[in-house]
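The structure file start03.json is reproduced below (JSON, N, CA and C atoms).
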```json
[["chain", "number", "residue", "atom", "x", "y", "z"],
["N", 17, "MET", "N", 0.84, -1.17, 0.00],
["N", 17, "MET", "CA", 0.00, 0.00, 0.00],
["N", 17, "MET", "C", 0.89, 1.25, 0.00],
["N", 18, "PRO", "N", 0.73, 2.14, -0.99],
["N", 18, "PRO", "CA", 1.56, 3.34, -1.06],
["N", 18, "PRO", "C", 1.26, 4.30, 0.09],
["N", 19, "LYS", "N", 2.31, 4.97, 0.52],
["N", 19, "LYS", "CA", 2.15, 5.95, 1.60],
["N", 19, "LYS", "C", 1.60, 7.25, 1.03],
["N", 20, "LYS", "N", 0.75, 7.89, 1.79],
["N", 20, "LYS", "CA", 0.17, 9.16, 1.38],
["N", 20, "LYS", "C", 0.93, 10.31, 2.03],
["N", 21, "ASP", "N", 0.93, 11.42, 1.35],
["N", 21, "ASP", "CA", 1.51, 12.66, 1.86],
["N", 21, "ASP", "C", 2.98, 12.55, 2.24],
["N", 22, "ILE", "N", 3.78, 11.82, 1.44],
["N", 22, "ILE", "CA", 5.21, 11.74, 1.73],
["N", 22, "ILE", "C", 6.02, 12.62, 0.80],
["N", 23, "HIS", "N", 5.42, 13.08, -0.28],
["N", 23, "HIS", "CA", 6.15, 13.92, -1.23],
["N", 23, "HIS", "C", 5.98, 15.39, -0.86],
["N", 24, "PRO", "N", 7.05, 16.18, -1.06],
["N", 24, "PRO", "CA", 6.93, 17.62, -0.77],
["N", 24, "PRO", "C", 6.06, 18.31, -1.80],
["N", 25, "GLN", "N", 5.59, 19.45, -1.44],
["N", 25, "GLN", "CA", 4.77, 20.24, -2.35],
["N", 25, "GLN", "C", 5.64, 20.72, -3.51],
["N", 26, "TRP", "N", 5.13, 20.67, -4.72],
["N", 26, "TRP", "CA", 5.88, 21.07, -5.91],
["N", 26, "TRP", "C", 5.34, 22.40, -6.44],
["N", 27, "PHE", "N", 6.24, 23.39, -6.54],
["N", 27, "PHE", "CA", 5.87, 24.70, -7.04],
["N", 27, "PHE", "C", 6.33, 24.81, -8.49],
["N", 28, "THR", "N", 5.41, 25.07, -9.39],
["N", 28, "THR", "CA", 5.75, 25.14, -10.81],
["N", 28, "THR", "C", 6.20, 26.53, -11.24],
["N", 29, "ASP", "N", 6.04, 27.52, -10.38],
["N", 29, "ASP", "CA", 6.40, 28.89, -10.71],
["N", 29, "ASP", "C", 7.38, 29.45, -9.67],
["N", 30, "THR", "N", 8.49, 28.75, -9.47],
["N", 30, "THR", "CA", 9.50, 29.18, -8.50],
["N", 30, "THR", "C", 10.35, 30.28, -9.11],
["N", 31, "LYS", "N", 10.47, 31.38, -8.40],
["N", 31, "LYS", "CA", 11.27, 32.50, -8.88],
["N", 31, "LYS", "C", 12.68, 32.40, -8.27],
["N", 32, "VAL", "N", 13.69, 32.59, -9.14],
["N", 32, "VAL", "CA", 15.08, 32.51, -8.72],
["N", 32, "VAL", "C", 15.65, 33.92, -8.73],
["N", 33, "TYR", "N", 16.22, 34.35, -7.60],
["N", 33, "TYR", "CA", 16.76, 35.70, -7.43],
["N", 33, "TYR", "C", 18.26, 35.64, -7.17],
["N", 34, "CYS", "N", 18.97, 36.61, -7.74],
["N", 34, "CYS", "CA", 20.38, 36.82, -7.46],
["N", 34, "CYS", "C", 20.57, 38.31, -7.23],
["N", 35, "ASP", "N", 21.09, 38.67, -6.08],
["N", 35, "ASP", "CA", 21.25, 40.08, -5.69],
["N", 35, "ASP", "C", 19.93, 40.83, -5.79],
["N", 36, "SER", "N", 18.88, 40.21, -5.31],
["N", 36, "SER", "CA", 17.53, 40.78, -5.29],
["N", 36, "SER", "C", 16.97, 41.06, -6.68],
["N", 37, "GLN", "N", 17.54, 40.46, -7.68],
["N", 37, "GLN", "CA", 17.06, 40.65, -9.05],
["N", 37, "GLN", "C", 16.54, 39.32, -9.57],
["N", 38, "LEU", "N", 15.34, 39.33, -10.11],
["N", 38, "LEU", "CA", 14.74, 38.11, -10.68],
["N", 38, "LEU", "C", 15.52, 37.72, -11.92],
["N", 39, "ILE", "N", 16.05, 36.48, -11.92],
["N", 39, "ILE", "CA", 16.84, 36.05, -13.07],
["N", 39, "ILE", "C", 16.17, 34.96, -13.89],
["N", 40, "MET", "N", 15.31, 34.17, -13.27],
["N", 40, "MET", "CA", 14.61, 33.14, -14.02],
["N", 40, "MET", "C", 13.46, 32.56, -13.20],
["N", 41, "THR", "N", 12.65, 31.77, -13.86],
["N", 41, "THR", "CA", 11.55, 31.07, -13.22],
["N", 41, "THR", "C", 11.69, 29.59, -13.56],
["N", 42, "THR", "N", 11.49, 28.74, -12.57],
["N", 42, "THR", "CA", 11.66, 27.30, -12.76],
["N", 42, "THR", "C", 10.67, 26.56, -11.87],
["N", 43, "SER", "N", 10.86, 25.27, -11.72],
["N", 43, "SER", "CA", 10.04, 24.46, -10.81],
["N", 43, "SER", "C", 10.92, 23.94, -9.68],
["N", 44, "SER", "N", 10.35, 23.87, -8.49],
["N", 44, "SER", "CA", 11.13, 23.43, -7.33],
["N", 44, "SER", "C", 10.20, 23.06, -6.19],
["N", 45, "THR", "N", 10.80, 22.57, -5.12],
["N", 45, "THR", "CA", 10.03, 22.27, -3.92],
["N", 45, "THR", "C", 9.94, 23.49, -3.01],
["N", 46, "LYS", "N", 10.55, 24.60, -3.43],
["N", 46, "LYS", "CA", 10.49, 25.85, -2.67],
["N", 46, "LYS", "C", 9.86, 26.92, -3.56],
["N", 47, "PRO", "N", 9.10, 27.82, -2.98],
["N", 47, "PRO", "CA", 8.43, 28.84, -3.80],
["N", 47, "PRO", "C", 9.38, 29.93, -4.30],
["N", 48, "GLU", "N", 10.55, 30.08, -3.64],
["N", 48, "GLU", "CA", 11.49, 31.13, -4.01],
["N", 48, "GLU", "C", 12.90, 30.66, -3.71],
["N", 49, "LEU", "N", 13.83, 30.91, -4.63],
["N", 49, "LEU", "CA", 15.23, 30.53, -4.44],
["N", 49, "LEU", "C", 16.11, 31.76, -4.55],
["N", 50, "LYS", "N", 17.10, 31.87, -3.67],
["N", 50, "LYS", "CA", 18.06, 32.97, -3.72],
["N", 50, "LYS", "C", 19.44, 32.36, -3.93],
["N", 51, "VAL", "N", 20.12, 32.78, -4.99],
["N", 51, "VAL", "CA", 21.44, 32.24, -5.32],
["N", 51, "VAL", "C", 22.47, 33.36, -5.31],
["N", 52, "ASP", "N", 23.72, 33.00, -5.07],
["N", 52, "ASP", "CA", 24.81, 33.98, -5.08],
["N", 52, "ASP", "C", 25.44, 34.08, -6.45],
["N", 53, "ILE", "N", 25.56, 32.95, -7.14],
["N", 53, "ILE", "CA", 26.23, 32.91, -8.44],
["N", 53, "ILE", "C", 25.36, 32.17, -9.43],
["N", 54, "TRP", "N", 25.30, 32.67, -10.64],
["N", 54, "TRP", "CA", 24.63, 31.99, -11.74],
["N", 54, "TRP", "C", 25.41, 32.29, -13.00],
["N", 55, "SER", "N", 25.04, 31.72, -14.12],
["N", 55, "SER", "CA", 25.84, 31.86, -15.33],
["N", 55, "SER", "C", 25.93, 33.30, -15.82],
["N", 56, "GLY", "N", 25.02, 34.15, -15.42],
["N", 56, "GLY", "CA", 25.05, 35.54, -15.84],
["N", 56, "GLY", "C", 26.06, 36.39, -15.11],
["N", 57, "ASN", "N", 26.55, 35.95, -13.94],
["N", 57, "ASN", "CA", 27.55, 36.74, -13.24],
["N", 57, "ASN", "C", 28.80, 35.93, -12.87],
["N", 58, "HIS", "N", 28.89, 34.69, -13.34],
["N", 58, "HIS", "CA", 30.06, 33.87, -13.06],
["N", 58, "HIS", "C", 31.18, 34.24, -14.04],
["N", 59, "PRO", "N", 32.40, 34.45, -13.54],
["N", 59, "PRO", "CA", 33.50, 34.89, -14.41],
["N", 59, "PRO", "C", 33.78, 33.94, -15.59],
["N", 60, "PHE", "N", 33.59, 32.66, -15.42],
["N", 60, "PHE", "CA", 33.85, 31.73, -16.52],
["N", 60, "PHE", "C", 32.92, 31.98, -17.70],
["N", 61, "TYR", "N", 31.65, 32.25, -17.42],
["N", 61, "TYR", "CA", 30.67, 32.44, -18.48],
["N", 61, "TYR", "C", 30.63, 33.87, -19.01],
["N", 62, "THR", "N", 31.05, 34.83, -18.21],
["N", 62, "THR", "CA", 31.01, 36.22, -18.65],
["N", 62, "THR", "C", 32.28, 36.63, -19.38],
["N", 63, "GLY", "N", 33.31, 35.80, -19.34],
["N", 63, "GLY", "CA", 34.55, 36.11, -20.03],
["N", 63, "GLY", "C", 35.48, 37.00, -19.24],
["N", 64, "THR", "N", 35.22, 37.21, -17.98],
["N", 64, "THR", "CA", 36.08, 38.06, -17.15],
["N", 64, "THR", "C", 36.99, 37.23, -16.25],
["N", 65, "GLN", "N", 37.11, 35.96, -16.55],
["N", 65, "GLN", "CA", 37.96, 35.08, -15.74],
["N", 65, "GLN", "C", 39.42, 35.43, -15.96],
["N", 66, "ARG", "N", 40.15, 35.59, -14.87],
["N", 66, "ARG", "CA", 41.57, 35.90, -14.95],
["N", 66, "ARG", "C", 42.37, 34.64, -14.67],
["N", 67, "ILE", "N", 43.41, 34.45, -15.42],
["N", 67, "ILE", "CA", 44.29, 33.31, -15.16],
["N", 67, "ILE", "C", 45.33, 33.75, -14.15],
["N", 68, "ILE", "N", 45.25, 33.17, -12.98],
["N", 68, "ILE", "CA", 46.13, 33.55, -11.89],
["N", 68, "ILE", "C", 47.50, 32.90, -12.06],
["N", 69, "ASP", "N", 47.52, 31.68, -12.54],
["N", 69, "ASP", "CA", 48.76, 30.93, -12.66],
["N", 69, "ASP", "C", 49.43, 31.25, -14.00],
["N", 70, "SER", "N", 50.19, 32.34, -14.03],
["N", 70, "SER", "CA", 50.88, 32.71, -15.26],
["N", 70, "SER", "C", 52.16, 31.92, -15.44],
["N", 71, "GLU", "N", 52.67, 31.38, -14.36],
["N", 71, "GLU", "CA", 53.86, 30.54, -14.41],
["N", 71, "GLU", "C", 53.44, 29.10, -14.19],
["N", 72, "GLY", "N", 53.98, 28.19, -14.94],
["N", 72, "GLY", "CA", 53.59, 26.79, -14.83],
["N", 72, "GLY", "C", 54.02, 26.17, -13.52],
["N", 73, "ARG", "N", 53.37, 25.10, -13.15],
["N", 73, "ARG", "CA", 53.68, 24.41, -11.89],
["N", 73, "ARG", "C", 55.07, 23.80, -11.90],
["N", 74, "VAL", "N", 55.46, 23.25, -13.03],
["N", 74, "VAL", "CA", 56.78, 22.63, -13.12],
["N", 74, "VAL", "C", 57.87, 23.67, -12.93],
["N", 75, "GLU", "N", 57.72, 24.83, -13.60],
["N", 75, "GLU", "CA", 58.71, 25.89, -13.46],
["N", 75, "GLU", "C", 58.81, 26.37, -12.01],
["N", 76, "ARG", "N", 57.68, 26.50, -11.35],
["N", 76, "ARG", "CA", 57.71, 26.91, -9.94],
["N", 76, "ARG", "C", 58.40, 25.89, -9.06],
["N", 77, "PHE", "N", 58.16, 24.61, -9.34],
["N", 77, "PHE", "CA", 58.80, 23.54, -8.58],
["N", 77, "PHE", "C", 60.32, 23.62, -8.72],
["N", 78, "PHE", "N", 60.81, 23.75, -9.96],
["N", 78, "PHE", "CA", 62.25, 23.84, -10.19],
["N", 78, "PHE", "C", 62.84, 25.07, -9.53],
["N", 79, "ARG", "N", 62.15, 26.20, -9.61],
["N", 79, "ARG", "CA", 62.65, 27.42, -9.00],
["N", 79, "ARG", "C", 62.65, 27.30, -7.47],
["N", 80, "LYS", "N", 61.61, 26.70, -6.92],
["N", 80, "LYS", "CA", 61.49, 26.58, -5.46],
["N", 80, "LYS", "C", 62.63, 25.76, -4.88],
["N", 81, "TYR", "N", 62.99, 24.69, -5.56],
["N", 81, "TYR", "CA", 64.03, 23.80, -5.05],
["N", 81, "TYR", "C", 65.38, 24.05, -5.72],
["N", 82, "ASN", "N", 65.48, 25.17, -6.44],
["N", 82, "ASN", "CA", 66.71, 25.58, -7.07],
["N", 82, "ASN", "C", 67.30, 24.46, -7.92],
["N", 83, "LEU", "N", 66.51, 23.89, -8.79],
["N", 83, "LEU", "CA", 66.94, 22.80, -9.65],
["N", 83, "LEU", "C", 67.02, 23.30, -11.10],
["N", 84, "ASN", "N", 67.84, 22.62, -11.88],
["N", 84, "ASN", "CA", 67.91, 22.92, -13.31],
["N", 84, "ASN", "C", 67.07, 21.90, -14.05],
["N", 85, "LYS", "N", 66.39, 22.33, -15.10],
["N", 85, "LYS", "CA", 65.56, 21.42, -15.87],
["N", 85, "LYS", "C", 66.40, 20.39, -16.62],
["N", 86, "GLU", "N", 67.63, 20.71, -16.93],
["N", 86, "GLU", "CA", 68.49, 19.80, -17.69],
["N", 86, "GLU", "C", 68.99, 18.63, -16.87],
["N", 87, "ASP", "N", 68.97, 18.72, -15.52],
["N", 87, "ASP", "CA", 69.51, 17.64, -14.65],
["N", 87, "ASP", "C", 68.72, 16.36, -14.75]]
```

Starting from the file, give its structure as structure tokens.
Amino acid sequence: MPKKDIHPQWFTDTKVYCDSQLIMTTSSTKPELKVDIWSGNHPFYTGTQRIIDSEGRVERFFRKYNLNKED
């Protein structure tokens, strides 16, 4: 016999907010969602991503331990 009333309520018009700005509408078990990051403000998707590692890991390792690459 299936159990009754075990599933959460499903909201088909859930509003998603980022920085108090409505960014999209979706379905969820919550009537409202607040997010910090989404594709519209994430550096990877907006093209503002900075490459921090300008020097390679191998070069840093050799420099750190004062080694020559030829050894």

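Secondary structure from DSSP on the backbone puts strand (DSSP E) at the following positions of segment 18-87 of chain N: Phe27, Thr28, Asp29, Thr30, Lys31, Val32, Tyr33, Cys34, Gln37, Leu38, Ile39, Met40, Thr41, Thr42, Ser43, Ser44, Glu48, Leu49, Lys50 and Val51 of chain N.
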
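DSSP secondary structure from the backbone places N:Pro59, N:Phe60, N:Tyr61, N:Thr62, N:Arg73, N:Val74, N:Glu75, N:Arg76, N:Phe77, N:Phe78, N:Arg79, N:Lys80 of chain N in alpha helix (DSSP H).
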
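In this structure, atom C of Met40 of chain N sits 16.8 Å away from atom N of Trp26 of chain N.
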
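Reported to one decimal place, the separation of atom N of Phe60 of chain N from atom CA of Arg73 of chain N is 22.0 Å.
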
Do a neighbour search on Tyr33 of chain N at 7 Å with all atoms listed in the file, toss out local chain neighbours closer than 4 positions, and write the hits as a list of chain:residue names. N:Gln37, N:Leu38, N:Ile39, N:Met40, N:Glu48, N:Leu49, N:Lys50, N:Val51, N:Asp52

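In this model, the gap between atom N of Ser36 of chain N and atom C of Gln65 of chain N comes to 23.6 Å.
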